file final_13.cif (mmCIF, C-alpha atoms and all ligand atoms)
data_work
#
loop_
_atom_site.label_atom_id
_atom_site.label_comp_id
_atom_site.auth_asym_id
_atom_site.auth_seq_id
_atom_site.Cartn_x
_atom_site.Cartn_y
_atom_site.Cartn_z
CA MET A 1 90.79 119.82 108.38
CA LYS A 2 93.30 122.58 107.64
CA LYS A 3 95.88 121.82 104.94
CA GLN A 4 99.22 120.79 106.42
CA THR A 5 102.43 122.65 105.65
CA VAL A 6 106.05 121.72 106.20
CA SER A 7 106.03 123.71 109.46
CA THR A 8 102.80 122.16 110.82
CA LEU A 9 104.13 118.70 109.94
CA LEU A 10 107.44 119.42 111.71
CA LYS A 11 105.52 120.40 114.86
CA ARG A 12 103.96 116.94 115.01
CA LYS A 13 107.32 115.37 115.93
CA GLY A 14 106.70 113.46 119.16
CA ASN A 15 103.11 114.74 119.29
CA GLU A 16 99.89 113.50 117.65
CA LYS A 17 100.74 110.71 115.19
CA LEU A 18 100.90 111.65 111.53
CA THR A 19 98.84 109.73 108.99
CA VAL A 20 99.77 109.28 105.34
CA ILE A 21 98.14 107.18 102.62
CA THR A 22 99.02 106.74 98.97
CA ALA A 23 96.70 107.77 96.14
CA TYR A 24 97.16 107.70 92.39
CA ASP A 25 94.00 109.37 91.09
CA ALA A 26 91.58 112.21 91.80
CA LEU A 27 88.71 109.97 92.88
CA PHE A 28 90.48 108.21 95.73
CA ALA A 29 92.42 111.36 96.65
CA SER A 30 89.09 113.14 97.15
CA ILE A 31 87.99 110.37 99.53
CA PHE A 32 91.22 110.52 101.56
CA GLU A 33 91.29 114.33 101.64
CA ASP A 34 90.41 115.75 105.07
CA VAL A 35 90.97 112.33 106.67
CA VAL A 36 94.75 111.94 106.52
CA ASP A 37 97.50 114.51 107.02
CA CYS A 38 99.31 113.86 103.72
CA ILE A 39 98.77 112.00 100.47
CA LEU A 40 101.74 110.27 98.86
CA VAL A 41 101.71 109.68 95.12
CA GLY A 42 103.98 106.67 95.54
CA ASP A 43 105.86 105.00 92.74
CA SER A 44 104.09 101.91 94.13
CA LEU A 45 101.53 102.96 91.50
CA ASN A 46 103.70 101.00 89.09
CA MET A 47 102.40 97.83 90.79
CA SER A 48 99.06 98.92 92.24
CA PHE A 49 97.92 100.94 89.23
CA ALA A 50 99.94 99.61 86.27
CA GLY A 51 100.24 95.96 87.34
CA LYS A 52 104.04 95.82 87.03
CA GLU A 53 106.35 93.65 89.15
CA ASP A 54 108.24 96.46 90.90
CA THR A 55 108.56 100.26 90.95
CA LEU A 56 111.59 100.57 88.71
CA SER A 57 109.95 101.32 85.37
CA ALA A 58 107.78 104.19 86.66
CA THR A 59 108.72 107.34 84.75
CA LEU A 60 108.87 110.97 85.82
CA ASP A 61 106.11 111.86 83.36
CA GLN A 62 103.87 109.16 84.83
CA MET A 63 104.53 110.45 88.35
CA ILE A 64 103.68 113.97 87.18
CA TYR A 65 100.47 112.77 85.51
CA HIS A 66 99.27 110.95 88.63
CA THR A 67 100.33 113.81 90.92
CA GLN A 68 98.28 116.24 88.82
CA ALA A 69 95.28 113.91 89.16
CA VAL A 70 95.71 113.54 92.93
CA CYS A 71 96.11 117.29 93.39
CA ASN A 72 92.95 117.88 91.30
CA GLY A 73 90.99 115.58 93.63
CA ALA A 74 92.52 116.79 96.89
CA LYS A 75 93.20 120.50 96.58
CA ASN A 76 93.30 120.86 100.36
CA SER A 77 95.85 118.09 100.98
CA PHE A 78 99.59 118.13 101.47
CA VAL A 79 100.68 116.04 98.47
CA ILE A 80 104.06 114.33 98.15
CA CYS A 81 105.31 113.13 94.75
CA ASP A 82 107.65 110.13 94.77
CA ILE A 83 110.67 110.65 92.53
CA PRO A 84 111.16 107.54 90.40
CA PHE A 85 114.17 105.31 89.87
CA GLY A 86 116.92 106.70 87.66
CA THR A 87 115.83 110.33 87.79
CA TYR A 88 117.96 111.59 90.72
CA TYR A 89 121.33 109.90 90.27
CA GLU A 90 123.18 113.18 90.69
CA PRO A 91 122.21 116.51 92.29
CA LYS A 92 121.81 118.53 89.08
CA VAL A 93 119.68 115.88 87.38
CA ALA A 94 117.55 115.58 90.51
CA LEU A 95 117.08 119.34 90.67
CA GLU A 96 116.05 119.58 87.01
CA ASN A 97 113.55 116.74 87.44
CA CYS A 98 112.11 118.01 90.72
CA ILE A 99 111.74 121.52 89.27
CA LYS A 100 109.72 119.86 86.49
CA VAL A 101 107.49 118.23 89.14
CA PHE A 102 107.00 121.53 90.95
CA GLN A 103 106.36 123.46 87.73
CA GLN A 104 103.90 120.96 86.29
CA THR A 105 102.02 120.00 89.47
CA PRO A 106 100.99 121.77 92.70
CA ALA A 107 102.73 119.03 94.77
CA ASP A 108 104.00 120.28 98.13
CA ALA A 109 107.04 118.01 98.42
CA VAL A 110 108.97 115.24 96.74
CA LYS A 111 110.16 111.94 98.22
CA ILE A 112 113.64 110.58 97.53
CA GLU A 113 114.85 107.07 98.43
CA GLY A 114 118.33 106.90 99.92
CA GLY A 115 120.50 107.56 102.93
CA LYS A 116 123.71 109.50 103.26
CA GLU A 117 124.71 108.72 99.66
CA LYS A 118 121.77 110.88 98.60
CA SER A 119 122.45 113.74 101.00
CA GLU A 120 124.01 115.99 98.33
CA VAL A 121 120.98 115.44 96.11
CA ILE A 122 118.67 116.39 98.99
CA ARG A 123 120.84 119.39 99.92
CA LEU A 124 120.66 120.87 96.41
CA LEU A 125 116.89 120.33 96.25
CA THR A 126 116.20 121.95 99.62
CA GLN A 127 118.57 124.83 98.81
CA ASN A 128 116.36 125.43 95.77
CA SER A 129 113.03 125.55 97.62
CA ILE A 130 111.99 121.94 97.03
CA ALA A 131 110.69 120.32 100.21
CA VAL A 132 112.05 116.79 100.52
CA VAL A 133 110.80 113.71 102.35
CA GLY A 134 113.57 111.11 102.75
CA HIS A 135 113.07 107.34 102.60
CA ILE A 136 115.44 104.90 104.31
CA GLY A 137 115.49 101.26 105.42
CA LEU A 138 113.97 98.93 102.86
CA MET A 139 114.04 100.94 99.66
CA PRO A 140 111.85 99.35 96.98
CA GLN A 141 113.95 100.89 94.19
CA ASN A 142 116.81 98.59 95.40
CA VAL A 143 114.78 95.42 94.90
CA ARG A 144 116.82 94.21 91.93
CA SER A 145 120.26 95.25 93.22
CA GLU A 146 119.55 93.60 96.59
CA GLY A 147 117.81 90.54 95.13
CA GLY A 148 114.51 91.09 96.95
CA TYR A 149 112.83 93.20 99.62
CA LYS A 150 115.18 92.89 102.59
CA ILE A 151 114.21 93.90 106.13
CA LYS A 152 116.79 96.24 107.68
CA GLY A 153 117.97 97.13 111.18
CA LYS A 154 118.46 93.55 112.31
CA ASP A 155 121.66 94.17 114.30
CA GLN A 156 123.35 97.07 116.03
CA SER A 157 125.69 97.92 113.16
CA ASP A 158 122.73 98.06 110.78
CA ILE A 159 120.83 100.25 113.26
CA ASN A 160 123.86 102.55 113.51
CA ARG A 161 123.95 102.78 109.70
CA LEU A 162 120.27 103.73 109.61
CA ILE A 163 120.82 106.41 112.25
CA GLU A 164 123.78 107.77 110.25
CA ASP A 165 121.63 107.84 107.09
CA ALA A 166 118.75 109.58 108.84
CA LYS A 167 121.02 112.21 110.39
CA ALA A 168 122.75 112.85 107.06
CA ILE A 169 119.51 113.45 105.19
CA GLU A 170 118.07 115.53 108.02
CA ASP A 171 121.23 117.65 107.92
CA ALA A 172 120.79 117.99 104.13
CA GLY A 173 117.31 119.43 104.70
CA ALA A 174 114.78 116.56 104.58
CA PHE A 175 111.81 117.65 106.73
CA MET A 176 110.31 114.19 107.16
CA ILE A 177 111.70 110.65 106.80
CA VAL A 178 109.88 107.50 105.72
CA ILE A 179 111.36 104.41 107.39
CA GLU A 180 110.31 101.24 105.61
CA GLY A 181 110.75 97.56 106.47
CA VAL A 182 112.92 97.77 109.56
CA LYS A 183 112.83 96.12 112.98
CA PRO A 184 110.83 98.26 115.44
CA GLU A 185 113.85 98.89 117.68
CA ALA A 186 115.72 100.32 114.66
CA ALA A 187 112.80 102.62 113.77
CA GLN A 188 112.60 103.77 117.38
CA ALA A 189 116.35 104.48 117.52
CA VAL A 190 116.18 106.49 114.27
CA THR A 191 113.09 108.37 115.47
CA ASN A 192 114.89 109.33 118.68
CA ALA A 193 118.02 110.38 116.79
CA VAL A 194 116.44 112.97 114.49
CA SER A 195 114.36 116.08 115.11
CA VAL A 196 112.16 115.67 112.03
CA PRO A 197 109.08 113.40 112.04
CA THR A 198 109.53 109.79 110.95
CA ILE A 199 106.81 107.93 109.07
CA GLY A 200 106.88 104.15 109.35
CA ILE A 201 105.73 101.42 107.03
CA GLY A 202 106.52 97.95 108.32
CA ALA A 203 108.57 99.64 111.03
CA GLY A 204 106.50 99.11 114.19
CA GLY A 205 104.56 101.64 116.22
CA ASP A 206 107.23 103.97 117.55
CA THR A 207 107.65 106.27 114.55
CA ASP A 208 105.97 109.70 114.50
CA GLY A 209 103.42 108.49 111.94
CA GLN A 210 102.43 105.71 109.56
CA VAL A 211 101.95 105.36 105.82
CA LEU A 212 100.14 102.58 103.93
CA VAL A 213 99.48 101.90 100.27
CA TRP A 214 95.76 102.46 99.77
CA SER A 215 95.12 99.37 97.66
CA ASP A 216 96.80 97.16 100.29
CA MET A 217 94.98 98.56 103.32
CA LEU A 218 91.62 98.51 101.54
CA GLY A 219 92.09 94.91 100.40
CA PHE A 220 92.11 95.41 96.64
CA LEU A 221 95.14 93.26 95.95
CA GLN A 222 94.75 89.55 95.44
CA GLY A 223 97.11 87.04 96.98
CA SER A 224 99.33 87.31 100.02
CA TYR A 225 100.01 90.59 101.78
CA PRO A 226 103.15 91.71 103.57
CA LYS A 227 102.93 91.15 107.35
CA PHE A 228 102.79 94.89 108.08
CA VAL A 229 99.58 95.48 106.10
CA LYS A 230 96.31 95.61 108.00
CA LYS A 231 93.28 95.12 105.73
CA TYR A 232 90.63 97.67 106.75
CA LEU A 233 88.26 96.58 103.96
CA ASP A 234 87.78 93.50 101.82
CA GLY A 235 87.79 95.77 98.75
CA HIS A 236 88.46 93.11 96.12
CA ASN A 237 85.55 90.89 97.14
CA ILE A 238 83.15 93.76 97.90
CA VAL A 239 83.69 95.32 94.47
CA LYS A 240 83.59 91.97 92.69
CA GLN A 241 80.34 91.00 94.42
CA SER A 242 78.77 94.36 93.49
CA VAL A 243 79.71 93.90 89.83
CA GLN A 244 78.36 90.34 89.93
CA ASN A 245 75.07 91.72 91.34
CA TYR A 246 74.90 94.22 88.46
CA VAL A 247 75.56 91.50 85.86
CA GLU A 248 72.91 89.26 87.39
CA GLU A 249 70.32 92.07 87.46
CA VAL A 250 70.99 92.98 83.83
CA LYS A 251 70.56 89.34 82.85
CA ASN A 252 67.38 88.80 84.88
CA LYS A 253 66.06 92.21 83.73
CA THR A 254 65.66 93.73 87.22
CA PHE A 255 68.11 96.50 86.21
CA PRO A 256 67.20 99.06 85.03
CA SER A 257 63.95 99.27 87.02
CA GLN A 258 61.41 102.13 86.97
CA ASN A 259 63.72 104.03 89.38
CA GLU A 260 66.54 104.15 86.87
CA THR A 261 64.39 104.92 83.87
CA TYR A 262 63.37 108.35 82.40
O1 LIG A 301 105.74 104.14 96.66
C1 LIG A 301 105.18 104.10 97.77
O2 LIG A 301 103.97 103.91 97.90
C2 LIG A 301 106.02 104.33 98.94
C3 LIG A 301 105.44 103.98 100.26
C4 LIG A 301 105.44 102.51 100.42
C5 LIG A 301 106.13 104.65 101.37
O3 LIG A 301 107.14 104.72 98.82
#
call {"tool": "encode", "arguments": {"input": "final_13.cif", "output": "structure tokens", "more": "lines below"}}
Ligand code: KIV
result
Amino acid sequence: MKKQTVSTLLKRKGNEKLTVITAYDALFASIFEDVVDCILVGDSLNMSFAGKEDTLSATLDQMIYHTQAVCNGAKNSFVICDIPFGTYYEPKVALENCIKVFQQTPADAVKIEGGKEKSEVIRLLTQNSIAVVGHIGLMPQNVRSEGGYKIKGKDQSDINRLIEDAKAIEDAGAFMIVIEGVKPEAAQAVTNAVSVPTIGIGAGGDTDGQVLVWSDMLGFLQGSYPKFVKKYLDGHNIVKQSVQNYVEEVKNKTFPSQNETY
């Protein structure tokens, strides 16, 4: 599979669906490489990797560290680095921080949560050669200010607001837009309103592509999953059972056998 670029991704608007998955390390990135179009180093790593409650305490240095690891494992992938909470509150600060990401990692793009209120941030980044993926709808970095993860696009005025946000960030230079946690009719309306590809997560099937968090879709999390997650593997139980098999074989002395012995 040839490595994607901003221009090949743009051409997928309305064509073959785009596929994106998160990764936080070289090992999993190397598995996903050549299977998906893009790898997102999401700040969801704060939960999936670090075991925290939400994304808000992820730092820029942590995002850089994980992006370096992902890029090491997937040198042929289009890698997007999520820009964490509190590091892009004004255009100049965002530019300084995203320059740091681009200087310290080979990431191809950054992702910024926010609608029209973030358009000046996105404009300054794109004017300075930083490719930006937008992120609208349910924005996990708003979980505390909104008192939870709230589904968006439930009525026409909300849908109009989402369209306005998408158009504003497209106009500012975002080349792709993640739409998270919205009613499918809202995602469809936004997708029709912009000329850049939209990537849905919990947004129905009418966006130009989909993104999932790897540890959700491979079943590594315990407990209840959001409705939009499809579990493609029972990762938690498969890994646990394998480790239990190892422990049992060590105890009953069937591991190591002749095969694993010099
Ligand atoms: O952090 C993340 O993994 C994300 C995806 C859910 C889109 O932003």
call {"tool": "residues_near_ligand", "arguments": {"input": "final_13.cif", "ligand": "ligand LIG 301 (chain A)", "cutoff": "6 Å", "atoms": "all atoms listed in the file", "output": "VMD selection string"}}
result
chain A and resid 22 42 to 44 213
call {"tool": "atom_distance", "arguments": {"input": "final_13.cif", "atom1": "CA of Gly204 (chain A)", "atom2": "CA of Leu233 (chain A)"}}
result
21.1 Å
call {"tool": "closest_residue", "arguments": {"input": "final_13.cif", "among": "A:Thr254, A:Cys81, A:Phe220, A:Cys38", "to": "Lys240 (chain A)", "atoms": "only C-alpha atoms"}}
result
A:Phe220
call {"tool": "residues_around", "arguments": {"input": "final_13.cif", "residues": "Ala172 (chain A)", "least_positions_apart": "5", "cutoff": "6 Å", "atoms": "all atoms listed in the file", "output": "PyMOL selection string"}}
result
chain A and resi 119+122-123
call {"tool": "atom_distance", "arguments": {"input": "final_13.cif", "atom1": "CA of Val133 (chain A)", "atom2": "CA of Val110 (chain A)"}}
result
6.1 Å
call {"tool": "closest_atom_pairs", "arguments": {"input": "final_13.cif", "of": "region 65-124 of chain A", "to": "region 5-13 of chain A", "cutoff": "9 Å", "atoms": "all atoms listed in the file", "output": "CSV"}}
result
residue,atom,partner,partner_atom,distance
A:Phe78,CA,A:Thr5,CA,6.8
A:Asp108,CA,A:Thr5,CA,8.0
A:Ala109,CA,A:Val6,CA,8.7
call {"tool": "atom_distance", "arguments": {"input": "final_13.cif", "atom1": "CA of Gly219 (chain A)", "atom2": "CA of Pro140 (chain A)"}}
result
20.5 Å
call {"tool": "closest_residue", "arguments": {"input": "final_13.cif", "among": "A:Gln141, A:Val101, A:Ala186, A:Gln127", "to": "Ala58 (chain A)", "atoms": "all atoms listed in the file"}}
result
A:Gln141
call {"tool": "residues_around", "arguments": {"input": "final_13.cif", "residues": "Val190 (chain A)", "least_positions_apart": "4", "cutoff": "9 Å", "atoms": "only C-alpha atoms", "output": "PyMOL selection string"}}
result
chain A and resi 159-160+162-164+166-167+179+185-186+194+198+207
call {"tool": "decode", "arguments": {"input": "final_13.cif", "residues": "region 227-261 of chain A", "atoms": "C-alpha atoms", "output": "PDB file, in the first residue's frame"}}
result
ATOM      1  CA  LYS A 227     -22.656   1.847  21.300  1.00  0.00           C
ATOM      2  CA  PHE A 228     -20.604   2.844  18.244  1.00  0.00           C
ATOM      3  CA  VAL A 229     -17.770   0.385  18.949  1.00  0.00           C
ATOM      4  CA  LYS A 230     -17.763  -2.917  17.111  1.00  0.00           C
ATOM      5  CA  LYS A 231     -15.516  -5.514  18.761  1.00  0.00           C
ATOM      6  CA  TYR A 232     -13.552  -7.287  16.018  1.00  0.00           C
ATOM      7  CA  LEU A 233     -11.596  -9.386  18.532  1.00  0.00           C
ATOM      8  CA  ASP A 234     -12.052 -10.509  22.114  1.00  0.00           C
ATOM      9  CA  GLY A 235      -8.535  -9.235  22.849  1.00  0.00           C
ATOM     10  CA  HIS A 236      -8.800  -9.065  26.635  1.00  0.00           C
ATOM     11  CA  ASN A 237      -9.905 -12.677  27.052  1.00  0.00           C
ATOM     12  CA  ILE A 238      -7.652 -14.076  24.309  1.00  0.00           C
ATOM     13  CA  VAL A 239      -4.549 -12.480  25.834  1.00  0.00           C
ATOM     14  CA  LYS A 240      -5.560 -13.395  29.377  1.00  0.00           C
ATOM     15  CA  GLN A 241      -6.194 -17.023  28.400  1.00  0.00           C
ATOM     16  CA  SER A 242      -2.785 -17.205  26.658  1.00  0.00           C
ATOM     17  CA  VAL A 243      -1.017 -15.880  29.751  1.00  0.00           C
ATOM     18  CA  GLN A 244      -2.962 -18.342  31.914  1.00  0.00           C
ATOM     19  CA  ASN A 245      -1.802 -21.163  29.590  1.00  0.00           C
ATOM     20  CA  TYR A 246       1.811 -20.009  30.022  1.00  0.00           C
ATOM     21  CA  VAL A 247       1.488 -19.880  33.821  1.00  0.00           C
ATOM     22  CA  GLU A 248      -0.063 -23.342  33.905  1.00  0.00           C
ATOM     23  CA  GLU A 249       2.679 -24.810  31.681  1.00  0.00           C
ATOM     24  CA  VAL A 250       5.428 -23.288  33.814  1.00  0.00           C
ATOM     25  CA  LYS A 251       3.823 -24.736  36.925  1.00  0.00           C
ATOM     26  CA  ASN A 252       3.260 -28.207  35.447  1.00  0.00           C
ATOM     27  CA  LYS A 253       6.747 -28.098  33.854  1.00  0.00           C
ATOM     28  CA  THR A 254       5.594 -28.538  30.231  1.00  0.00           C
ATOM     29  CA  PHE A 255       7.230 -25.172  29.392  1.00  0.00           C
ATOM     30  CA  PRO A 256      10.024 -24.968  28.442  1.00  0.00           C
ATOM     31  CA  SER A 257      10.010 -28.238  26.476  1.00  0.00           C
ATOM     32  CA  GLN A 258      12.846 -29.627  24.318  1.00  0.00           C
ATOM     33  CA  ASN A 259      11.695 -27.248  21.530  1.00  0.00           C
ATOM     34  CA  GLU A 260      12.426 -24.177  23.607  1.00  0.00           C
ATOM     35  CA  THR A 261      15.674 -25.421  25.060  1.00  0.00           C
TER      36      THR A 261
END
